[in-house]
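Note: the block below is coords.cif and it holds mmCIF, C-alpha atoms.
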data_query
#
loop_
_atom_site.label_atom_id
_atom_site.label_comp_id
_atom_site.auth_asym_id
_atom_site.auth_seq_id
_atom_site.Cartn_x
_atom_site.Cartn_y
_atom_site.Cartn_z
CA MET A 1 11.50 12.24 -12.17
CA VAL A 2 8.49 11.54 -14.41
CA GLN A 3 10.47 9.24 -16.70
CA ASP A 4 11.19 6.93 -13.75
CA ILE A 5 7.52 6.44 -12.88
CA PRO A 6 5.85 3.42 -14.53
CA ARG A 7 3.12 4.27 -17.00
CA ASP A 8 0.26 2.77 -14.98
CA VAL A 9 1.33 4.77 -11.91
CA LEU A 10 1.67 7.94 -13.95
CA GLU A 11 -1.90 7.51 -15.22
CA PHE A 12 -3.03 7.03 -11.62
CA LEU A 13 -1.18 10.17 -10.47
CA GLN A 14 -2.81 12.16 -13.28
CA GLY A 15 -6.27 10.93 -12.27
CA TYR A 16 -6.82 8.75 -15.35
CA PRO A 17 -7.54 11.73 -17.65
CA ASP A 18 -8.52 9.57 -20.63
CA ASN A 19 -11.11 7.49 -18.78
CA ASP A 20 -14.82 7.94 -19.43
CA ASP A 21 -17.54 7.46 -16.84
CA ASP A 22 -19.97 4.74 -17.90
CA LYS A 23 -23.02 5.34 -15.72
CA SER A 24 -24.51 2.00 -16.76
CA LEU A 25 -21.78 0.21 -14.77
CA SER A 26 -22.11 0.05 -10.99
CA ALA A 27 -20.86 -3.41 -10.00
CA ASN A 28 -18.17 -2.11 -7.62
CA LEU A 29 -20.60 0.17 -5.81
CA LEU A 30 -23.21 -2.57 -5.49
CA PHE A 31 -20.61 -5.02 -4.20
CA TYR A 32 -19.44 -2.58 -1.53
CA GLN A 33 -23.04 -1.86 -0.59
CA ASN A 34 -23.36 -5.63 0.04
CA LYS A 35 -26.08 -5.82 -2.63
CA GLN A 36 -24.25 -7.86 -5.28
CA PRO A 37 -21.72 -10.71 -5.05
CA CYS A 38 -18.29 -10.63 -6.61
CA ARG A 39 -17.53 -12.89 -9.53
CA PRO A 40 -16.42 -15.60 -9.99
CA ASP A 41 -16.45 -16.38 -6.24
CA ASN A 42 -20.13 -15.42 -5.82
CA LEU A 43 -19.70 -13.93 -2.34
CA THR A 44 -21.05 -10.67 -0.99
CA ILE A 45 -18.44 -8.50 0.65
CA ASP A 46 -19.60 -9.14 4.23
CA VAL A 47 -19.56 -12.90 3.66
CA LEU A 48 -16.14 -12.72 2.03
CA HIS A 49 -14.73 -10.76 4.96
CA ASP A 50 -16.13 -13.28 7.40
CA LYS A 51 -15.21 -16.49 5.56
CA TRP A 52 -11.76 -15.54 4.31
CA GLN A 53 -10.32 -13.79 7.37
CA GLY A 54 -7.22 -15.82 8.19
CA ASP A 55 -7.80 -18.27 5.30
CA PHE A 56 -4.34 -17.74 3.87
CA ASP A 57 -4.47 -20.51 1.28
CA THR A 58 -7.62 -19.07 -0.25
CA LEU A 59 -6.19 -15.55 -0.25
CA GLU A 60 -2.98 -16.81 -1.84
CA TYR A 61 -4.34 -19.05 -4.56
CA LYS A 62 -7.55 -17.30 -5.60
CA HIS A 63 -6.92 -14.40 -7.93
CA GLY A 64 -10.32 -12.95 -8.80
CA PHE A 65 -11.23 -11.25 -5.52
CA ILE A 66 -8.59 -8.53 -5.32
CA GLN A 67 -10.18 -6.47 -8.12
CA TRP A 68 -13.44 -6.43 -6.16
CA LEU A 69 -11.94 -5.64 -2.75
CA PHE A 70 -9.77 -2.84 -4.16
CA PRO A 71 -11.38 -1.42 -7.31
CA ILE A 72 -9.40 1.10 -9.35
CA GLN A 73 -9.90 2.82 -12.69
CA GLU A 74 -7.88 0.17 -14.52
CA PHE A 75 -8.61 -3.23 -16.02
CA GLY A 76 -7.29 -6.19 -14.04
CA MET A 77 -6.81 -9.86 -14.81
CA ASN A 78 -10.32 -10.80 -13.66
CA TYR A 79 -12.52 -10.18 -16.67
CA GLU A 80 -15.65 -10.67 -14.56
CA SER A 81 -14.81 -7.51 -12.63
CA GLN A 82 -15.07 -3.96 -13.98
CA PRO A 83 -12.87 -0.89 -13.71
CA LEU A 84 -14.04 1.62 -11.13
CA GLN A 85 -16.29 4.29 -12.65
CA ARG A 86 -16.15 7.91 -11.52
CA HIS A 87 -19.77 7.99 -10.38
CA GLU A 88 -19.09 4.86 -8.29
CA LEU A 89 -16.04 6.49 -6.77
CA ASP A 90 -18.02 9.58 -5.76
CA ALA A 91 -20.74 7.47 -4.14
CA MET A 92 -18.31 5.15 -2.37
CA LYS A 93 -16.13 7.92 -0.94
CA SER A 94 -19.18 9.62 0.55
CA SER A 95 -20.53 6.46 2.24
CA PRO A 96 -19.30 5.72 5.80
CA GLU A 97 -20.48 2.12 5.42
CA VAL A 98 -18.42 1.64 2.27
CA ILE A 99 -15.33 3.20 3.83
CA GLU A 100 -15.65 0.97 6.89
CA ARG A 101 -15.86 -2.08 4.62
CA LEU A 102 -12.80 -0.89 2.72
CA LEU A 103 -10.88 -0.63 5.98
CA THR A 104 -11.97 -4.19 6.76
CA SER A 105 -10.64 -5.26 3.33
CA TYR A 106 -7.35 -3.55 4.11
CA ARG A 107 -7.09 -5.29 7.49
CA LEU A 108 -7.86 -8.63 5.82
CA MET A 109 -4.94 -8.25 3.42
CA LEU A 110 -2.60 -6.83 6.04
CA ASP A 111 -3.24 -9.90 8.18
CA PHE A 112 -2.41 -12.06 5.16
CA TYR A 113 0.87 -10.15 4.81
CA GLY A 114 1.76 -10.53 8.50
CA MET A 115 0.82 -6.99 9.50
CA ARG A 116 -1.92 -5.27 11.48
CA LEU A 117 -3.35 -1.75 11.49
CA GLU A 118 -2.66 -0.18 14.89
CA ASP A 119 -4.06 3.27 14.10
CA GLU A 120 -6.44 3.93 11.23
CA GLN A 121 -5.94 7.69 11.53
CA THR A 122 -2.14 7.71 11.13
CA GLY A 123 -1.88 4.43 9.21
CA ARG A 124 0.62 3.03 11.74
CA LEU A 125 1.22 -0.69 11.28
CA ALA A 126 2.84 -3.40 13.36
CA ARG A 127 3.53 -7.10 12.99
CA VAL A 128 0.66 -9.51 13.65
CA LEU A 129 0.46 -10.93 17.15
CA PRO A 130 0.53 -14.63 18.20
CA PRO A 131 -0.92 -17.05 17.36
CA ARG A 132 -0.30 -15.44 13.96
CA ASN A 133 3.25 -16.00 12.70
CA PHE A 134 4.53 -12.82 11.08
CA ALA A 135 7.73 -14.53 9.87
CA ALA A 136 5.79 -17.12 7.88
CA ARG A 137 3.60 -14.43 6.33
CA TYR A 138 6.65 -12.32 5.45
CA ARG A 139 8.27 -15.33 3.77
CA ASN A 140 5.13 -15.85 1.72
CA LEU A 141 5.07 -12.19 0.68
CA VAL A 142 8.70 -12.40 -0.48
CA ARG A 143 8.17 -15.71 -2.27
CA SER A 144 4.81 -15.02 -3.96
CA THR A 145 5.63 -12.02 -6.10
CA HIS A 146 2.12 -11.63 -7.50
CA ASN A 147 1.37 -9.98 -4.16
CA ASN A 148 3.59 -7.08 -5.27
CA LEU A 149 0.97 -6.32 -7.91
CA ARG A 150 -1.82 -6.63 -5.39
CA ILE A 151 -0.15 -4.10 -3.10
CA SER A 152 0.14 -1.57 -5.93
CA ARG A 153 -3.60 -1.93 -6.47
CA ILE A 154 -4.35 -1.65 -2.76
CA LEU A 155 -2.38 1.59 -2.43
CA LYS A 156 -4.00 3.11 -5.50
CA CYS A 157 -7.46 2.18 -4.23
CA LEU A 158 -6.86 3.63 -0.77
CA SER A 159 -5.74 6.87 -2.39
CA GLU A 160 -8.77 6.98 -4.70
CA MET A 161 -11.13 6.43 -1.79
CA GLY A 162 -9.77 9.27 0.33
CA LEU A 163 -7.66 7.02 2.58
CA GLU A 164 -4.26 7.95 1.21
CA ARG A 165 -3.10 8.78 4.75
CA LEU A 166 -2.74 5.00 5.22
CA ASN A 167 -0.20 4.62 2.42
CA ALA A 168 2.69 6.29 4.23
CA GLY A 169 2.08 4.02 7.22
CA PHE A 170 2.40 0.97 5.00
CA LEU A 171 5.45 2.17 3.06
CA LEU A 172 7.40 3.30 6.11
CA HIS A 173 6.55 0.11 8.03
CA VAL A 174 8.05 -1.95 5.21
CA LEU A 175 11.08 0.36 5.11
CA ASN A 176 11.58 -0.11 8.86
CA GLU A 177 11.38 -3.91 8.49
CA GLN A 178 13.95 -3.80 5.69
CA SER A 179 16.31 -1.38 7.41
CA GLU A 180 16.20 -2.50 11.04
CA HIS A 181 15.41 -6.21 10.69
CA ASP A 182 16.46 -7.17 7.14
CA GLU A 183 12.95 -8.46 6.46
CA LEU A 184 11.04 -8.05 3.17
CA SER A 185 14.32 -7.28 1.44
CA SER A 186 14.23 -9.44 -1.68
CA ARG A 187 15.32 -7.82 -4.91
CA MET A 188 11.87 -8.12 -6.50
CA LEU A 189 10.03 -6.69 -3.50
CA VAL A 190 12.46 -3.78 -3.16
CA SER A 191 12.10 -3.05 -6.88
CA SER A 192 8.31 -3.00 -6.62
CA MET A 193 8.44 -0.80 -3.55
CA ASP A 194 10.87 1.74 -4.98
CA ARG A 195 9.30 2.11 -8.44
CA TRP A 196 5.62 1.31 -7.87
CA TRP A 197 4.46 1.41 -4.26
CA ALA A 198 6.36 4.53 -3.20
CA ASN A 199 4.89 6.43 -6.16
CA CYS A 200 1.27 5.51 -5.36
CA LEU A 201 0.74 8.80 -3.51
CA ARG A 202 -1.02 11.73 -5.16
CA ASP A 203 0.20 14.05 -2.41
CA GLU A 204 3.35 15.19 -4.21
CA PRO A 205 5.31 16.56 -1.20
CA GLU A 206 4.59 13.38 0.76
CA ARG A 207 5.58 11.21 -2.20
CA GLU A 208 8.83 13.13 -2.63
CA TRP A 209 9.68 13.00 1.09
CA ILE A 210 9.16 9.25 1.28
CA GLY A 211 11.12 8.73 -1.93
CA GLN A 212 14.02 10.74 -0.56
CA LEU A 213 14.00 8.81 2.71
CA ILE A 214 14.01 5.49 0.86
CA LYS A 215 17.00 6.60 -1.21
CA LYS A 216 18.95 7.63 1.89
CA VAL A 217 18.26 4.31 3.61
CA ARG A 218 19.16 2.34 0.48
CA ALA A 219 22.37 4.28 -0.07
CA GLY A 220 23.75 3.74 3.42
CA LYS A 221 22.19 0.50 4.53
CA GLU A 222 25.12 -0.65 6.67
CA ASP A 223 25.35 2.55 8.71
CA ARG A 224 21.91 4.12 8.39
CA THR A 225 18.96 2.48 10.12
CA PHE A 226 15.35 3.59 9.94
CA THR A 227 14.15 2.42 13.33
CA ARG A 228 10.71 1.66 14.69
CA GLU A 229 10.97 4.68 16.98
CA MET A 230 11.72 6.88 13.96
CA TYR A 231 8.76 5.38 12.08
CA GLU A 232 6.40 6.24 14.92
CA ARG A 233 7.83 9.75 15.25
CA VAL A 234 7.35 10.49 11.55
CA LEU A 235 3.66 9.54 11.68
CA LYS A 236 3.19 11.41 14.97
CA SER A 237 4.66 14.53 13.39
CA ARG A 238 2.13 14.39 10.58
CA GLU A 239 -0.72 13.76 13.02
CA GLU A 240 0.31 16.93 14.87
CA GLY A 241 0.08 18.97 11.67
CA GLN A 242 3.81 19.27 10.96
CA GLY A 243 3.85 16.94 8.00
CA LEU A 244 6.20 14.00 7.66
CA ARG A 245 9.26 15.16 9.57
CA LEU A 246 12.25 13.48 11.13
CA VAL A 247 15.50 14.37 12.84
CA GLU A 248 17.38 11.38 11.46
CA GLU A 249 19.36 9.08 13.69
CA VAL A 250 22.15 7.13 12.09
CA ALA A 251 23.14 3.87 13.76
CA GLY A 252 26.83 3.45 12.96
CA PRO A 253 29.19 0.51 13.51
CA SER A 254 31.04 2.26 16.35
CA SER A 255 28.21 4.13 18.04
CA LYS A 256 24.59 3.45 18.82
CA SER A 257 23.23 6.64 17.30
CA ASN A 258 24.27 10.04 16.01
CA LYS A 259 22.10 13.02 15.25
CA VAL A 260 22.16 14.36 11.73
CA GLU A 261 22.68 18.10 11.81
CA GLU A 262 19.34 19.15 10.34
CA ALA A 263 15.72 18.10 10.42
CA GLN A 264 14.37 16.62 7.24
CA SER A 265 10.89 17.97 6.56
CA ILE A 266 8.22 17.23 4.02
CA ASP A 267 8.79 20.44 2.07
CA LYS A 268 12.31 19.35 1.22
CA PRO A 269 12.22 17.76 -2.26
CA PRO A 270 14.41 14.78 -3.15
CA ASN A 271 17.62 15.24 -5.11
CA GLY A 272 18.74 13.13 -8.01
CA GLU A 273 16.93 10.68 -10.19
CA GLY A 274 14.57 7.94 -9.06
CA GLN A 275 15.82 4.44 -8.55
CA LYS A 276 14.90 1.97 -11.28
CA GLY A 277 14.12 -1.65 -10.66
CA ASP A 278 14.08 -4.49 -13.16
CA GLU A 279 10.57 -5.81 -12.46
CA GLU A 280 7.84 -4.83 -14.89
CA GLU A 281 4.52 -4.92 -13.07
CA THR A 282 1.41 -6.00 -14.93
CA LYS A 283 -2.22 -5.41 -14.08
CA SER A 284 -3.49 -7.25 -11.02
#
In structure tokens, write the structure found in this file.
Amino acid sequence: MVQDIPRDVLEFLQGYPDNDDDKSLSANLLFYQNKQPCRPDNLTIDVLHDKWQGDFDTLEYKHGFIQWLFPIQEFGMNYESQPLQRHELDAMKSSPEVIERLLTSYRLMLDFYGMRLEDEQTGRLARVLPPRNFAARYRNLVRSTHNNLRISRILKCLSEMGLERLNAGFLLHVLNEQSEHDELSSRMLVSSMDRWWANCLRDEPEREWIGQLIKKVRAGKEDRTFTREMYERVLKSREEGQGLRLVEEVAGPSSKSNKVEEAQSIDKPPNGEGQKGDEEETKS
């Protein structure tokens, strides 16, 4: 329901209809072309990727870089950055070098969150491997709630840049961790996921399918488990051209699994109203 979607996400879904294109501004494009450093950190993007990979303290406590790594058509809290301009967006989407750097930015932040990109075509994620400690990174993500805002920005940026296929992989990975392993299940994180992250998809059928799946998992958490195998099958179905699709398996207290009588497919819209959380996100 539109009334359940936060205003900033609704503007994103509508393509920022009130935004003008200021052709005199190109800082985001120049940064992603490795021609201009970000501010205030004064690093080009290639240097930032190299120096900050695995530097979790820097990624946690510095707040001005995220607007440069994931530019969107909104103002953020770093007043030395600029909102993404439409002419920049067109140029960046059409540049293989820019898109490869954006994927590197995504991997950088996933690593910080305890995750890794297994397949950049389907968006499939997994936990980081040793010597990385996924549990420590998950605890940080739950504890440091400003990262909820960062993730909203990341998902919007991926969508803007033509990489929206990655968003489902992220959302469903988090849902699997919550459902099967009781990870990433804090009230604040779940609120951000259900109201903000899950709505950062301009593909309406995909957004509705994921929203419906989240509601089903939330409603029956004790006897309905979204497993890793189900996660992989959903993404495989889309890769094969069938859209997000799943014959649900319900893990009950007295049996390992039971088949639900029908397949849930992407053209099946959700029923009922969206779930509201009590966190109000601000610009990141």
Query raised in the report: With only C-alpha atoms as the atoms that count, which of A:Trp68, A:Glu208, A:Gln53, A:Glu232 lies nearest to Gln36 (chain A)?
Result: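 Looking only at the distances to Gln36 (chain A), the closest residue turns out to be A:Trp68.
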Report task. Would you work out the distance separating CA of Met77 (chain A) from CA of Gly123 (chain A), expressed in Å to one decimal? Result -> 28.4 Å
Query - Length of the CA of His181 (chain A) to CA of Ala135 (chain A) vector [Å] - result: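 Rounded to one decimal, the two atoms are 11.4 Å apart.
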**Report entry** Atomic separation - CA of Arg153 (chain A) relative to CA of Gly76 (chain A), Å
**Finding:**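 Between CA of Gly76 (chain A) and CA of Arg153 (chain A) the gap works out to 9.4 Å.
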Output of the PyMOL selection byres ((chain A and resi 155) around 9), listed as a short mmCIF file (atom, residue, chain, number, x, y, z; two decimals) with C-alpha atoms, in the coordinates of the input:
data_model
loop_
_atom_site.label_atom_id
_atom_site.label_comp_id
_atom_site.auth_asym_id
_atom_site.auth_seq_id
_atom_site.Cartn_x
_atom_site.Cartn_y
_atom_site.Cartn_z
CA PHE A 70 -9.77 -2.84 -4.16
CA ARG A 150 -1.82 -6.63 -5.39
CA ILE A 151 -0.15 -4.10 -3.10
CA SER A 152 0.14 -1.57 -5.93
CA ARG A 153 -3.60 -1.93 -6.47
CA ILE A 154 -4.35 -1.65 -2.76
CA LYS A 156 -4.00 3.11 -5.50
CA CYS A 157 -7.46 2.18 -4.23
CA LEU A 158 -6.86 3.63 -0.77
CA SER A 159 -5.74 6.87 -2.39
CA GLU A 160 -8.77 6.98 -4.70
CA GLU A 164 -4.26 7.95 1.21
CA LEU A 166 -2.74 5.00 5.22
CA ASN A 167 -0.20 4.62 2.42
CA PHE A 170 2.40 0.97 5.00
CA TRP A 197 4.46 1.41 -4.26
CA CYS A 200 1.27 5.51 -5.36
CA LEU A 201 0.74 8.80 -3.51
#
Query raised in the report: Which is closer to Leu213 (chain A) than all the others in A:Met230, A:Leu10, A:Ala27, A:Leu59, using all atoms listed in the file?
Result: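 Looking only at the distances to Leu213 (chain A), the closest residue turns out to be A:Met230.
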Query raised in the report: In file coordinates, which residues lie within 7 Å of (2.6, -3.8, 12.9) using only C-alpha atoms, given as a PyMOL selection string?
Result: chain A and resi 115-118+125-128
Output the selection as a PDB file, in the coordinates of the input - C-alpha atoms for each residue.
ATOM      1  CA  MET A 115       0.820  -6.990   9.500  1.00  0.00           C
ATOM      2  CA  ARG A 116      -1.920  -5.270  11.480  1.00  0.00           C
ATOM      3  CA  LEU A 117      -3.350  -1.750  11.490  1.00  0.00           C
ATOM      4  CA  GLU A 118      -2.660  -0.180  14.890  1.00  0.00           C
ATOM      5  CA  LEU A 125       1.220  -0.690  11.280  1.00  0.00           C
ATOM      6  CA  ALA A 126       2.840  -3.400  13.360  1.00  0.00           C
ATOM      7  CA  ARG A 127       3.530  -7.100  12.990  1.00  0.00           C
ATOM      8  CA  VAL A 128       0.660  -9.510  13.650  1.00  0.00           C
TER       9      VAL A 128
END
**Report entry** Shell around Ser185 (chain A) at 12 Å using only C-alpha atoms, local window under 5 positions removed, as a PyMOL selection string
**Finding:** chain A and resi 138-139+141-143+174-180+190-194+218+221
Query raised in the report: Hey, which of A:Leu110, A:Val9, A:Ala91, A:Val234 ends up closest to Gly54 (chain A)? Count only C-alpha atoms.
Result: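 Ranked by minimum distance to Gly54 (chain A), first place goes to A:Leu110.
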Query raised in the report: Care to translate the PyMOL selection byres ((chain A and resi 63) around 10) into actual residues of this file, as a ChimeraX atom specification?
Result: /A:40-41,58-62,64-67,77-78,146,150,284
**Report entry** Minimum-distance residue to Pro83 (chain A), chosen among A:Thr122, A:Ser144, A:Thr104, A:Asn19 (using all atoms listed in the file)
**Finding:**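 Residue with the minimum atom-to-atom distance to Pro83 (chain A): A:Asn19.
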Report task. Return as a PyMOL selection string the set of residues that the PyMOL selection byres ((chain A and resi 44) around 12) yields on the displayed structure. Result -> chain A and resi 27-43+45-52+65+68-69+101
Query raised in the report: Taking (0.2, -19.1, 13.0) in the file's coordinates as the center, which residues reach within 12 Å of it, counting only C-alpha atoms, put as JSON, numbers by chain?
Result: {"A": [54, 55, 56, 111, 112, 114, 128, 129, 130, 131, 132, 133, 134, 135, 136, 137]}
How big is the axis-aligned box around all listed atoms of region 5-15 of chain A once 4 Å goes on each side, and where's its centre, in Å to one decimal, as JSON?
{"center_x": 0.6, "center_y": 7.5, "center_z": -13.7, "size_x": 21.8, "size_y": 17.4, "size_z": 14.5}
Requested in this report: Determine, counting all atoms listed in the file, which protein, DNA and RNA residues have an atom within 10 Å of an atom of Leu235 (chain A); residues of the same chain fewer than 2 positions away are not included. Present the result as a PyMOL selection string.
Outcome: chain A and resi 121-124+165+168-169+172+230-233+237-240+242-246
For the residues selected in the previous step, produce a file with C-alpha atoms as a PDB file, keeping the file's coordinate frame.
ATOM      1  CA  GLN A 121      -5.940   7.690  11.530  1.00  0.00           C
ATOM      2  CA  THR A 122      -2.140   7.710  11.130  1.00  0.00           C
ATOM      3  CA  GLY A 123      -1.880   4.430   9.210  1.00  0.00           C
ATOM      4  CA  ARG A 124       0.620   3.030  11.740  1.00  0.00           C
ATOM      5  CA  ARG A 165      -3.100   8.780   4.750  1.00  0.00           C
ATOM      6  CA  ALA A 168       2.690   6.290   4.230  1.00  0.00           C
ATOM      7  CA  GLY A 169       2.080   4.020   7.220  1.00  0.00           C
ATOM      8  CA  LEU A 172       7.400   3.300   6.110  1.00  0.00           C
ATOM      9  CA  MET A 230      11.720   6.880  13.960  1.00  0.00           C
ATOM     10  CA  TYR A 231       8.760   5.380  12.080  1.00  0.00           C
ATOM     11  CA  GLU A 232       6.400   6.240  14.920  1.00  0.00           C
ATOM     12  CA  ARG A 233       7.830   9.750  15.250  1.00  0.00           C
ATOM     13  CA  SER A 237       4.660  14.530  13.390  1.00  0.00           C
ATOM     14  CA  ARG A 238       2.130  14.390  10.580  1.00  0.00           C
ATOM     15  CA  GLU A 239      -0.720  13.760  13.020  1.00  0.00           C
ATOM     16  CA  GLU A 240       0.310  16.930  14.870  1.00  0.00           C
ATOM     17  CA  GLN A 242       3.810  19.270  10.960  1.00  0.00           C
ATOM     18  CA  GLY A 243       3.850  16.940   8.000  1.00  0.00           C
ATOM     19  CA  LEU A 244       6.200  14.000   7.660  1.00  0.00           C
ATOM     20  CA  ARG A 245       9.260  15.160   9.570  1.00  0.00           C
ATOM     21  CA  LEU A 246      12.250  13.480  11.130  1.00  0.00           C
TER      22      LEU A 246
END
**Report entry** Option closest in space to Leu163 (chain A), from A:Lys216, A:Trp196, A:Leu102, A:Pro205 [counting all atoms listed in the file]
**Finding:**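 Looking at the shortest contact to Leu163 (chain A), the residue is A:Leu102.
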Missing atoms in region 84-96 of chain A: can you complete it with N, CA, C and O atoms, as a compact mmCIF listing (two decimals), in the frame of the given file?
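And here's result28.txt as it stands now:
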# COMPACT_ATOMS: atom_id res chain seq x y z
N LEU A 84 -13.27 0.67 -11.93
CA LEU A 84 -14.04 1.62 -11.13
C LEU A 84 -14.47 2.80 -11.99
O LEU A 84 -13.67 3.39 -12.72
N GLN A 85 -15.75 3.15 -11.91
CA GLN A 85 -16.29 4.29 -12.65
C GLN A 85 -16.31 5.52 -11.73
O GLN A 85 -16.43 5.40 -10.51
N ARG A 86 -16.23 6.68 -12.32
CA ARG A 86 -16.15 7.91 -11.52
C ARG A 86 -17.39 8.12 -10.66
O ARG A 86 -17.28 8.57 -9.52
N HIS A 87 -18.56 7.79 -11.19
CA HIS A 87 -19.77 7.99 -10.38
C HIS A 87 -19.79 7.01 -9.20
O HIS A 87 -20.29 7.33 -8.13
N GLU A 88 -19.22 5.80 -9.40
CA GLU A 88 -19.09 4.86 -8.29
C GLU A 88 -18.14 5.42 -7.23
O GLU A 88 -18.43 5.34 -6.03
N LEU A 89 -17.04 5.94 -7.69
CA LEU A 89 -16.04 6.49 -6.77
C LEU A 89 -16.65 7.59 -5.91
O LEU A 89 -16.46 7.61 -4.69
N ASP A 90 -17.40 8.49 -6.53
CA ASP A 90 -18.02 9.58 -5.76
C ASP A 90 -18.97 9.03 -4.70
O ASP A 90 -18.97 9.50 -3.55
N ALA A 91 -19.77 8.04 -5.09
CA ALA A 91 -20.74 7.47 -4.14
C ALA A 91 -20.05 6.69 -3.03
O ALA A 91 -20.45 6.76 -1.86
N MET A 92 -19.00 5.97 -3.37
CA MET A 92 -18.31 5.15 -2.37
C MET A 92 -17.55 6.00 -1.37
O MET A 92 -17.58 5.75 -0.16
N LYS A 93 -16.89 7.04 -1.84
CA LYS A 93 -16.13 7.92 -0.94
C LYS A 93 -17.03 8.62 0.07
O LYS A 93 -16.59 8.94 1.18
N SER A 94 -18.27 8.87 -0.32
CA SER A 94 -19.18 9.62 0.55
C SER A 94 -19.99 8.72 1.48
O SER A 94 -20.81 9.22 2.26
N SER A 95 -19.77 7.40 1.42
CA SER A 95 -20.53 6.46 2.24
C SER A 95 -19.70 5.94 3.40
O SER A 95 -18.71 5.21 3.18
N PRO A 96 -20.05 6.27 4.65
CA PRO A 96 -19.30 5.72 5.80
C PRO A 96 -19.30 4.20 5.83
O PRO A 96 -18.30 3.59 6.25
